[in-house]
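To start, the structure under review is shown below, and the notes come after it.
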Amino acid sequence: MKHLHSTLIAAASLCTLQAAAVSPYITEVYDYCPAPGQFVNISPLYAEGDDAEAMRGKALEAIGGTAGGTVSLGAFGGYITFGFDHTVANVKGQCDFTILGNSFFSGRSLKPEGGSSESGVILVSRDINGNGLPDDPWYEIAGSAHHDVATIKDYSITYTRPADGHQPVVTDPKGAYDDEQYIAWTDNQGASGYLGHLVVNANNYYPEWLDETTLTFSGTRLPGNAVLEGSRIKEWVLYPFAYGYADNMPNDDSRAAINLEWAVDNDGRPADLDGIDFVRVYTALNQQCGALGETSTEICGAVDLHPDASGINDISADNTQAVICDGHELRLLGFADGTTVNIYTIAGRQAHSLLTDGTITTARLPLSPGVYIVNAGNTTARIAIR
(Lines give C-alpha, C1' and ligand atoms only; values in the text may rest on other atoms or scores of the structure.)
Protein backbone atom coordinates (compact mmCIF):
# COMPACT_ATOMS: atom_id res chain seq x y z
CA MET A 1 0.00 0.00 0.00
CA LYS A 2 1.28 3.48 -0.82
CA HIS A 3 1.60 6.22 1.82
CA LEU A 4 -1.76 6.92 3.50
CA HIS A 5 -2.04 10.65 2.84
CA SER A 6 -5.47 10.90 1.28
CA THR A 7 -8.02 10.48 4.06
CA LEU A 8 -8.04 10.00 7.83
CA ILE A 9 -11.13 10.94 9.82
CA ALA A 10 -11.52 9.28 13.19
CA ALA A 11 -14.49 8.84 15.53
CA ALA A 12 -16.52 11.71 14.09
CA SER A 13 -20.26 11.90 14.68
CA LEU A 14 -22.64 13.02 11.94
CA CYS A 15 -23.45 16.15 13.97
CA THR A 16 -19.77 16.99 14.13
CA LEU A 17 -19.44 16.64 10.38
CA GLN A 18 -22.40 18.92 9.77
CA ALA A 19 -21.04 21.52 12.19
CA ALA A 20 -17.71 21.49 10.41
CA ALA A 21 -19.25 22.47 7.06
CA VAL A 22 -17.00 24.67 4.95
CA SER A 23 -17.68 27.46 2.51
CA PRO A 24 -17.26 26.56 -1.17
CA TYR A 25 -16.30 30.18 -1.92
CA ILE A 26 -13.24 32.40 -1.56
CA THR A 27 -12.58 33.42 2.04
CA GLU A 28 -9.14 35.03 1.72
CA VAL A 29 -7.20 37.19 -0.71
CA TYR A 30 -3.48 37.07 0.08
CA ASP A 31 -2.25 39.58 -2.45
CA TYR A 32 -3.47 41.64 -5.37
CA CYS A 33 -0.96 43.11 -7.82
CA PRO A 34 -2.47 44.09 -11.17
CA ALA A 35 -0.54 45.16 -14.23
CA PRO A 36 -1.64 48.46 -15.76
CA GLY A 37 -5.05 48.26 -17.42
CA GLN A 38 -8.21 50.17 -18.23
CA PHE A 39 -10.16 48.84 -15.22
CA VAL A 40 -7.31 49.05 -12.73
CA ASN A 41 -8.12 51.59 -9.97
CA ILE A 42 -11.81 50.98 -10.78
CA SER A 43 -12.36 47.26 -10.08
CA PRO A 44 -11.86 47.47 -7.16
CA LEU A 45 -12.12 51.23 -6.71
CA TYR A 46 -9.01 53.00 -5.49
CA ALA A 47 -9.42 55.87 -3.00
CA GLU A 48 -6.69 58.35 -2.17
CA GLY A 49 -4.53 56.99 0.63
CA ASP A 50 -5.23 53.32 -0.12
CA ASP A 51 -2.16 51.09 0.11
CA ALA A 52 -1.61 47.51 -1.02
CA GLU A 53 -3.26 46.15 2.13
CA ALA A 54 -6.36 48.30 1.60
CA MET A 55 -6.63 47.18 -2.01
CA ARG A 56 -6.20 43.56 -0.98
CA GLY A 57 -9.14 43.99 1.40
CA LYS A 58 -11.22 45.60 -1.33
CA ALA A 59 -10.42 42.71 -3.65
CA LEU A 60 -11.65 40.24 -1.03
CA GLU A 61 -14.79 42.29 -0.49
CA ALA A 62 -15.45 42.16 -4.24
CA ILE A 63 -14.94 38.44 -4.89
CA GLY A 64 -15.20 36.73 -1.49
CA GLY A 65 -18.17 34.52 -0.75
CA THR A 66 -21.08 35.23 -3.07
CA ALA A 67 -20.36 38.96 -3.41
CA GLY A 68 -20.24 38.66 -7.20
CA GLY A 69 -18.05 41.73 -7.72
CA THR A 70 -15.19 42.05 -10.16
CA VAL A 71 -11.43 42.37 -9.77
CA SER A 72 -9.42 43.32 -12.85
CA LEU A 73 -5.89 41.97 -13.19
CA GLY A 74 -4.86 44.42 -15.91
CA ALA A 75 -2.60 43.50 -18.83
CA PHE A 76 -0.19 40.56 -19.03
CA GLY A 77 1.14 39.36 -15.69
CA GLY A 78 -1.20 41.14 -13.28
CA TYR A 79 -2.23 38.65 -10.61
CA ILE A 80 -4.29 37.83 -7.54
CA THR A 81 -3.73 35.10 -4.93
CA PHE A 82 -6.67 33.71 -2.97
CA GLY A 83 -7.81 30.73 -0.94
CA PHE A 84 -10.69 29.00 0.81
CA ASP A 85 -11.33 28.12 4.45
CA HIS A 86 -10.30 24.55 3.71
CA THR A 87 -8.15 22.42 1.45
CA VAL A 88 -9.77 21.92 -1.96
CA ALA A 89 -9.55 18.18 -2.52
CA ASN A 90 -8.38 16.57 -5.74
CA VAL A 91 -11.11 14.05 -6.48
CA LYS A 92 -9.88 11.69 -9.15
CA GLY A 93 -11.59 11.92 -12.50
CA GLN A 94 -13.55 15.05 -11.62
CA CYS A 95 -13.09 18.78 -12.02
CA ASP A 96 -12.43 20.30 -8.62
CA PHE A 97 -13.10 24.05 -8.74
CA THR A 98 -14.25 26.85 -11.01
CA ILE A 99 -12.94 30.40 -11.17
CA LEU A 100 -15.68 32.84 -12.10
CA GLY A 101 -15.02 35.57 -14.65
CA ASN A 102 -16.98 37.69 -17.10
CA SER A 103 -16.28 35.79 -20.32
CA PHE A 104 -19.15 35.48 -22.79
CA PHE A 105 -20.01 34.32 -26.31
CA SER A 106 -21.32 37.18 -28.44
CA GLY A 107 -23.21 35.19 -31.06
CA ARG A 108 -21.88 37.55 -33.76
CA SER A 109 -18.54 35.86 -34.46
CA LEU A 110 -17.71 34.16 -37.74
CA LYS A 111 -16.80 30.97 -35.92
CA PRO A 112 -18.67 29.38 -32.99
CA GLU A 113 -18.08 30.62 -29.44
CA GLY A 114 -16.34 33.87 -30.29
CA GLY A 115 -16.87 36.75 -27.90
CA SER A 116 -14.82 37.92 -24.95
CA SER A 117 -12.34 35.44 -23.49
CA GLU A 118 -9.58 37.24 -21.58
CA SER A 119 -7.82 34.11 -20.49
CA GLY A 120 -5.65 33.86 -17.39
CA VAL A 121 -3.20 31.17 -16.33
CA ILE A 122 -3.97 29.40 -13.04
CA LEU A 123 -1.35 28.37 -10.49
CA VAL A 124 -2.11 26.19 -7.46
CA SER A 125 -0.20 25.40 -4.28
CA ARG A 126 -0.40 23.15 -1.23
CA ASP A 127 0.40 24.53 2.23
CA ILE A 128 3.22 22.05 2.75
CA ASN A 129 4.94 23.99 5.54
CA GLY A 130 1.65 24.54 7.35
CA ASN A 131 2.10 28.26 8.00
CA GLY A 132 -1.09 29.33 6.23
CA LEU A 133 0.79 31.51 3.74
CA PRO A 134 1.20 31.06 -0.04
CA ASP A 135 4.98 30.60 0.13
CA ASP A 136 5.12 26.96 -1.01
CA PRO A 137 5.91 25.64 -4.52
CA TRP A 138 3.48 26.64 -7.26
CA TYR A 139 2.16 24.35 -9.98
CA GLU A 140 0.64 25.49 -13.25
CA ILE A 141 -2.67 24.16 -14.49
CA ALA A 142 -1.68 22.87 -17.92
CA GLY A 143 -4.56 24.08 -20.05
CA SER A 144 -5.20 23.21 -23.67
CA ALA A 145 -2.57 25.66 -24.99
CA HIS A 146 0.18 24.53 -22.61
CA HIS A 147 2.07 22.70 -25.37
CA ASP A 148 1.12 25.03 -28.21
CA VAL A 149 4.22 26.05 -30.18
CA ALA A 150 3.13 29.70 -29.90
CA THR A 151 2.96 29.56 -26.09
CA ILE A 152 5.96 31.23 -24.42
CA LYS A 153 6.74 29.55 -21.10
CA ASP A 154 9.24 32.05 -19.64
CA TYR A 155 7.78 35.33 -20.81
CA SER A 156 8.63 38.55 -18.97
CA ILE A 157 7.35 42.09 -19.48
CA THR A 158 8.11 45.46 -17.88
CA TYR A 159 5.72 48.42 -17.81
CA THR A 160 6.84 52.00 -17.16
CA ARG A 161 4.70 54.57 -15.40
CA PRO A 162 4.01 57.68 -17.53
CA ALA A 163 6.43 60.42 -16.54
CA ASP A 164 5.25 63.66 -14.96
CA GLY A 165 4.38 66.00 -17.78
CA HIS A 166 3.80 63.13 -20.22
CA GLN A 167 2.19 64.46 -23.40
CA PRO A 168 -0.45 62.25 -25.05
CA VAL A 169 0.20 61.06 -28.59
CA VAL A 170 -2.82 60.95 -30.90
CA THR A 171 -2.44 60.17 -34.60
CA ASP A 172 -6.16 59.52 -35.22
CA PRO A 173 -8.36 62.22 -33.61
CA LYS A 174 -11.45 60.15 -34.43
CA GLY A 175 -9.98 56.94 -33.03
CA ALA A 176 -10.62 55.10 -29.79
CA TYR A 177 -7.55 56.47 -27.99
CA ASP A 178 -6.79 59.81 -26.44
CA ASP A 179 -3.19 58.65 -25.89
CA GLU A 180 -1.77 55.94 -28.13
CA GLN A 181 1.55 55.86 -26.25
CA TYR A 182 0.28 56.00 -22.69
CA ILE A 183 2.22 53.24 -20.89
CA ALA A 184 5.35 51.85 -22.50
CA TRP A 185 6.33 48.20 -22.22
CA THR A 186 9.26 46.01 -23.22
CA ASP A 187 9.59 42.24 -23.01
CA ASN A 188 12.29 39.59 -22.97
CA GLN A 189 11.51 38.62 -26.57
CA GLY A 190 12.92 41.87 -27.93
CA ALA A 191 9.50 43.43 -28.47
CA SER A 192 8.14 46.73 -27.18
CA GLY A 193 4.97 48.74 -27.42
CA TYR A 194 2.39 50.77 -25.56
CA LEU A 195 -0.85 50.34 -23.66
CA GLY A 196 -3.04 53.02 -25.17
CA HIS A 197 -5.46 55.07 -23.09
CA LEU A 198 -9.05 54.79 -24.29
CA VAL A 199 -11.23 57.87 -24.69
CA VAL A 200 -14.02 56.15 -22.75
CA ASN A 201 -11.88 55.64 -19.61
CA ALA A 202 -10.82 58.74 -17.69
CA ASN A 203 -9.01 56.86 -14.93
CA ASN A 204 -5.29 56.23 -14.61
CA TYR A 205 -4.29 52.75 -15.74
CA TYR A 206 -1.14 52.40 -13.62
CA PRO A 207 -1.94 51.07 -10.09
CA GLU A 208 -2.14 54.27 -8.04
CA TRP A 209 -1.18 52.68 -4.72
CA LEU A 210 2.19 51.46 -6.01
CA ASP A 211 5.28 53.67 -5.80
CA GLU A 212 7.40 51.75 -8.28
CA THR A 213 8.23 53.50 -11.56
CA THR A 214 8.36 50.15 -13.36
CA LEU A 215 6.51 46.88 -12.88
CA THR A 216 7.86 43.56 -14.14
CA PHE A 217 5.81 40.38 -14.46
CA SER A 218 6.77 36.89 -15.62
CA GLY A 219 4.90 33.75 -16.53
CA THR A 220 3.42 31.74 -19.38
CA ARG A 221 2.21 33.85 -22.28
CA LEU A 222 -0.61 32.27 -24.26
CA PRO A 223 -0.96 32.68 -28.04
CA GLY A 224 -3.04 35.68 -29.07
CA ASN A 225 -6.74 34.83 -29.27
CA ALA A 226 -8.06 38.08 -30.76
CA VAL A 227 -9.29 38.25 -34.35
CA LEU A 228 -10.56 41.34 -36.19
CA GLU A 229 -13.68 40.20 -38.02
CA GLY A 230 -16.34 41.71 -40.25
CA SER A 231 -16.43 43.20 -43.73
CA ARG A 232 -18.25 46.52 -43.42
CA ILE A 233 -18.02 46.93 -39.64
CA LYS A 234 -14.90 45.51 -38.05
CA GLU A 235 -15.14 43.95 -34.58
CA TRP A 236 -12.52 42.35 -32.34
CA VAL A 237 -13.48 38.84 -31.27
CA LEU A 238 -11.64 36.94 -28.52
CA TYR A 239 -11.94 33.16 -28.88
CA PRO A 240 -11.62 30.82 -25.88
CA PHE A 241 -9.05 28.11 -25.40
CA ALA A 242 -10.50 24.61 -25.08
CA TYR A 243 -10.01 24.28 -21.30
CA GLY A 244 -7.85 25.04 -18.31
CA TYR A 245 -7.90 28.85 -17.88
CA ALA A 246 -9.66 31.54 -15.89
CA ASP A 247 -12.07 34.03 -17.51
CA ASN A 248 -11.91 31.85 -20.60
CA MET A 249 -15.35 30.20 -20.81
CA PRO A 250 -18.70 31.53 -19.57
CA ASN A 251 -19.27 30.64 -15.93
CA ASP A 252 -22.19 28.32 -16.72
CA ASP A 253 -20.14 26.34 -19.24
CA SER A 254 -18.77 23.07 -17.82
CA ARG A 255 -15.47 23.75 -19.62
CA ALA A 256 -14.79 26.58 -17.19
CA ALA A 257 -14.14 24.02 -14.45
CA ILE A 258 -10.59 23.09 -13.46
CA ASN A 259 -9.25 19.61 -12.74
CA LEU A 260 -6.34 19.50 -10.28
CA GLU A 261 -4.99 16.51 -12.17
CA TRP A 262 -3.91 19.06 -14.82
CA ALA A 263 -1.38 20.64 -12.42
CA VAL A 264 2.26 20.25 -13.51
CA ASP A 265 5.63 21.27 -12.11
CA ASN A 266 8.21 23.44 -13.87
CA ASP A 267 9.41 20.45 -15.88
CA GLY A 268 5.90 19.60 -17.06
CA ARG A 269 5.55 16.54 -14.83
CA PRO A 270 2.23 15.85 -13.08
CA ALA A 271 2.18 17.48 -9.65
CA ASP A 272 0.05 14.64 -8.19
CA LEU A 273 -1.52 16.91 -5.55
CA ASP A 274 -4.07 15.48 -3.12
CA GLY A 275 -5.49 18.97 -2.67
CA ILE A 276 -4.60 22.66 -2.82
CA ASP A 277 -4.77 25.57 -0.38
CA PHE A 278 -3.85 28.54 -2.59
CA VAL A 279 -4.77 29.70 -6.08
CA ARG A 280 -3.06 32.39 -8.13
CA VAL A 281 -4.39 33.74 -11.42
CA TYR A 282 -2.59 36.09 -13.79
CA THR A 283 -3.46 37.61 -17.15
CA ALA A 284 -1.74 35.44 -19.76
CA LEU A 285 -2.32 37.47 -22.95
CA ASN A 286 -0.38 40.46 -24.24
CA GLN A 287 -2.49 42.04 -26.94
CA GLN A 288 -4.17 45.34 -27.75
CA CYS A 289 -7.52 45.10 -29.49
CA GLY A 290 -8.52 48.45 -30.90
CA ALA A 291 -11.48 49.97 -29.07
CA LEU A 292 -11.45 47.04 -26.63
CA GLY A 293 -8.04 48.10 -25.36
CA GLU A 294 -5.70 45.63 -23.70
CA THR A 295 -6.80 42.11 -22.81
CA SER A 296 -7.19 41.83 -19.03
CA THR A 297 -8.37 38.85 -17.02
CA GLU A 298 -11.22 39.59 -14.62
CA ILE A 299 -12.05 37.51 -11.55
CA CYS A 300 -15.57 37.45 -10.06
CA GLY A 301 -15.18 34.66 -7.49
CA ALA A 302 -14.40 30.95 -7.25
CA VAL A 303 -16.25 27.78 -6.23
CA ASP A 304 -15.03 24.50 -4.77
CA LEU A 305 -17.08 21.97 -6.74
CA HIS A 306 -17.10 19.33 -4.00
CA PRO A 307 -16.59 20.99 -0.60
CA ASP A 308 -17.83 17.80 1.06
CA ALA A 309 -14.44 16.33 0.22
CA SER A 310 -12.68 18.89 2.42
CA GLY A 311 -11.18 17.93 5.74
CA ILE A 312 -9.83 14.73 4.27
CA ASN A 313 -6.55 15.20 6.12
CA ASP A 314 -8.09 16.09 9.48
CA ILE A 315 -7.41 13.72 12.38
CA SER A 316 -9.74 13.54 15.36
CA ALA A 317 -8.29 13.80 18.86
CA ASP A 318 -10.07 10.52 19.61
CA ASN A 319 -8.13 7.97 17.61
CA THR A 320 -9.54 4.80 19.16
CA GLN A 321 -11.37 4.16 15.88
CA ALA A 322 -10.39 5.32 12.42
CA VAL A 323 -11.68 5.23 8.87
CA ILE A 324 -8.82 5.48 6.39
CA CYS A 325 -9.17 5.62 2.63
CA ASP A 326 -6.28 5.59 0.18
CA GLY A 327 -7.31 5.45 -3.45
CA HIS A 328 -9.96 2.70 -3.53
CA GLU A 329 -8.67 0.88 -0.43
CA LEU A 330 -10.64 1.32 2.80
CA ARG A 331 -9.15 0.43 6.21
CA LEU A 332 -11.24 0.31 9.37
CA LEU A 333 -9.32 0.30 12.64
CA GLY A 334 -10.55 -0.39 16.16
CA PHE A 335 -14.05 -1.61 15.31
CA ALA A 336 -15.55 -4.73 16.87
CA ASP A 337 -15.70 -7.87 14.79
CA GLY A 338 -18.88 -7.98 12.71
CA THR A 339 -19.62 -4.24 12.73
CA THR A 340 -21.87 -3.30 9.82
CA VAL A 341 -20.34 -0.65 7.58
CA ASN A 342 -22.61 1.23 5.20
CA ILE A 343 -21.26 3.59 2.54
CA TYR A 344 -23.49 6.29 1.07
CA THR A 345 -23.16 8.83 -1.71
CA ILE A 346 -23.32 12.50 -0.72
CA ALA A 347 -26.92 12.45 -1.98
CA GLY A 348 -27.74 9.74 0.61
CA ARG A 349 -28.02 6.71 -1.68
CA GLN A 350 -26.45 3.52 -0.30
CA ALA A 351 -23.50 2.59 -2.52
CA HIS A 352 -21.88 -0.34 -0.68
CA SER A 353 -21.87 -2.28 2.59
CA LEU A 354 -19.56 -4.71 4.38
CA LEU A 355 -18.81 -6.29 7.78
CA THR A 356 -15.63 -5.75 9.76
CA ASP A 357 -13.48 -8.80 10.35
CA GLY A 358 -11.23 -8.38 13.35
CA THR A 359 -9.90 -5.10 14.75
CA ILE A 360 -8.47 -4.12 11.34
CA THR A 361 -10.48 -4.59 8.17
CA THR A 362 -9.11 -3.79 4.72
CA ALA A 363 -11.45 -3.74 1.74
CA ARG A 364 -11.13 -2.78 -1.90
CA LEU A 365 -14.14 -0.56 -2.68
CA PRO A 366 -15.87 -1.08 -6.07
CA LEU A 367 -16.92 2.57 -6.24
CA SER A 368 -16.50 5.33 -8.79
CA PRO A 369 -14.27 8.29 -7.86
CA GLY A 370 -16.14 10.76 -5.69
CA VAL A 371 -17.04 11.71 -2.14
CA TYR A 372 -18.85 9.25 0.15
CA ILE A 373 -20.10 8.98 3.72
CA VAL A 374 -19.06 5.91 5.75
CA ASN A 375 -21.16 4.83 8.72
CA ALA A 376 -19.60 2.19 10.98
CA GLY A 377 -21.41 1.63 14.27
CA ASN A 378 -21.53 5.01 16.00
CA THR A 379 -18.84 6.52 13.77
CA THR A 380 -19.57 8.52 10.63
CA ALA A 381 -16.74 9.63 8.37
CA ARG A 382 -16.33 11.29 5.01
CA ILE A 383 -14.00 9.75 2.42
CA ALA A 384 -12.80 10.63 -1.07
CA ILE A 385 -12.38 7.81 -3.58
CA ARG A 386 -9.70 8.85 -6.10
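Starting from 1 in every chain, residues are counted up; chains themselves are A, B, ... following the order of the C-alpha coordinates, and ligands are numbered from 1 as listed.
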
Please provide the set of residues having any atom within 10 Å of Leu330 of chain A, restricted to only C-alpha atoms, with same-chain residues fewer than 6 positions apart removed, written as a PyMOL selection string. chain A and resi 7+323-324+361-365+383+385

Skip Leu333 of chain A itself and residues of its chain fewer than 5 positions away, then list as a list in words all residues within 6 Å of it, counting only C-alpha atoms.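 Contacts, in chain order: Gln321, Ala322, Thr359 and Ile360 of chain A.
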
Contact residues around Pro307 of chain A with only C-alpha atoms at 8 Å, ignoring same-chain residues under 2 positions, as a ChimeraX atom specification: /A:22-24,88-89,304-305,309-310

Contacts of Val371 of chain A at 8 Å (only C-alpha atoms; same-chain gap of 5+ positions) as a PyMOL selection string: chain A and resi 91+306+308-309+345-346+382-385

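A straight line drawn from atom CA of Gly175 of chain A to atom CA of Ser103 of chain A is 25.5 Å long.
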
Within segment 35-283 of chain A, find each residue whose DSSP state, derived from the backbone, is strand (DSSP E), and express the selection as an MDAnalysis selection string. chainID A and resid 71:72 79:89 97:100 104:105 115:116 120:125 138:141 152:160 177:187 192:198 214:221 226:229 235:238 257:258 263:264 275:283

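Reported to one decimal place, the separation of atom CA of Ala302 of chain A from atom CA of Ile258 of chain A is 10.7 Å.
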
Among A:Tyr344, A:Phe335, A:Tyr245, A:Phe278, Asp135 of chain A is approached most closely, using only C-alpha atoms, by A:Phe278

Using only C-alpha atoms: which of A:Phe104, A:Phe84, A:Trp185, A:Tyr30 has the shortest distance to Leu238 of chain A: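 Once distances to Leu238 of chain A are computed over only C-alpha atoms, the minimum belongs to A:Phe104.
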
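Take atom CA of Glu53 of chain A and atom CA of Asp154 of chain A: the distance between them is 28.8 Å.
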
Excluding segment 140-148 of chain A and its own-chain neighbours fewer than 4 positions away, which residues fall within 7 Å of it when counting only C-alpha atoms? Please give them as a count of residues only. 13

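The helix (DSSP H, G or I) portion of segment 197-356 of chain A consists of Ser254, Arg255, Ala256, Leu260, Glu261, Trp262, Gly290, Ala291, Leu292, Pro307, Asp308 and Ala309 of chain A, with states taken from DSSP on the backbone.
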
Long-range neighbours of Arg221 of chain A as number ranges by chain, 7 Å cut-off, only C-alpha atoms, 3 positions minimum in chain: A: 151-153, 155, 284-285

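Closest approach to Phe39 of chain A among A:Pro173, A:Pro207, A:Gly114, A:Pro134 is made by A:Pro207 (distances from only C-alpha atoms).
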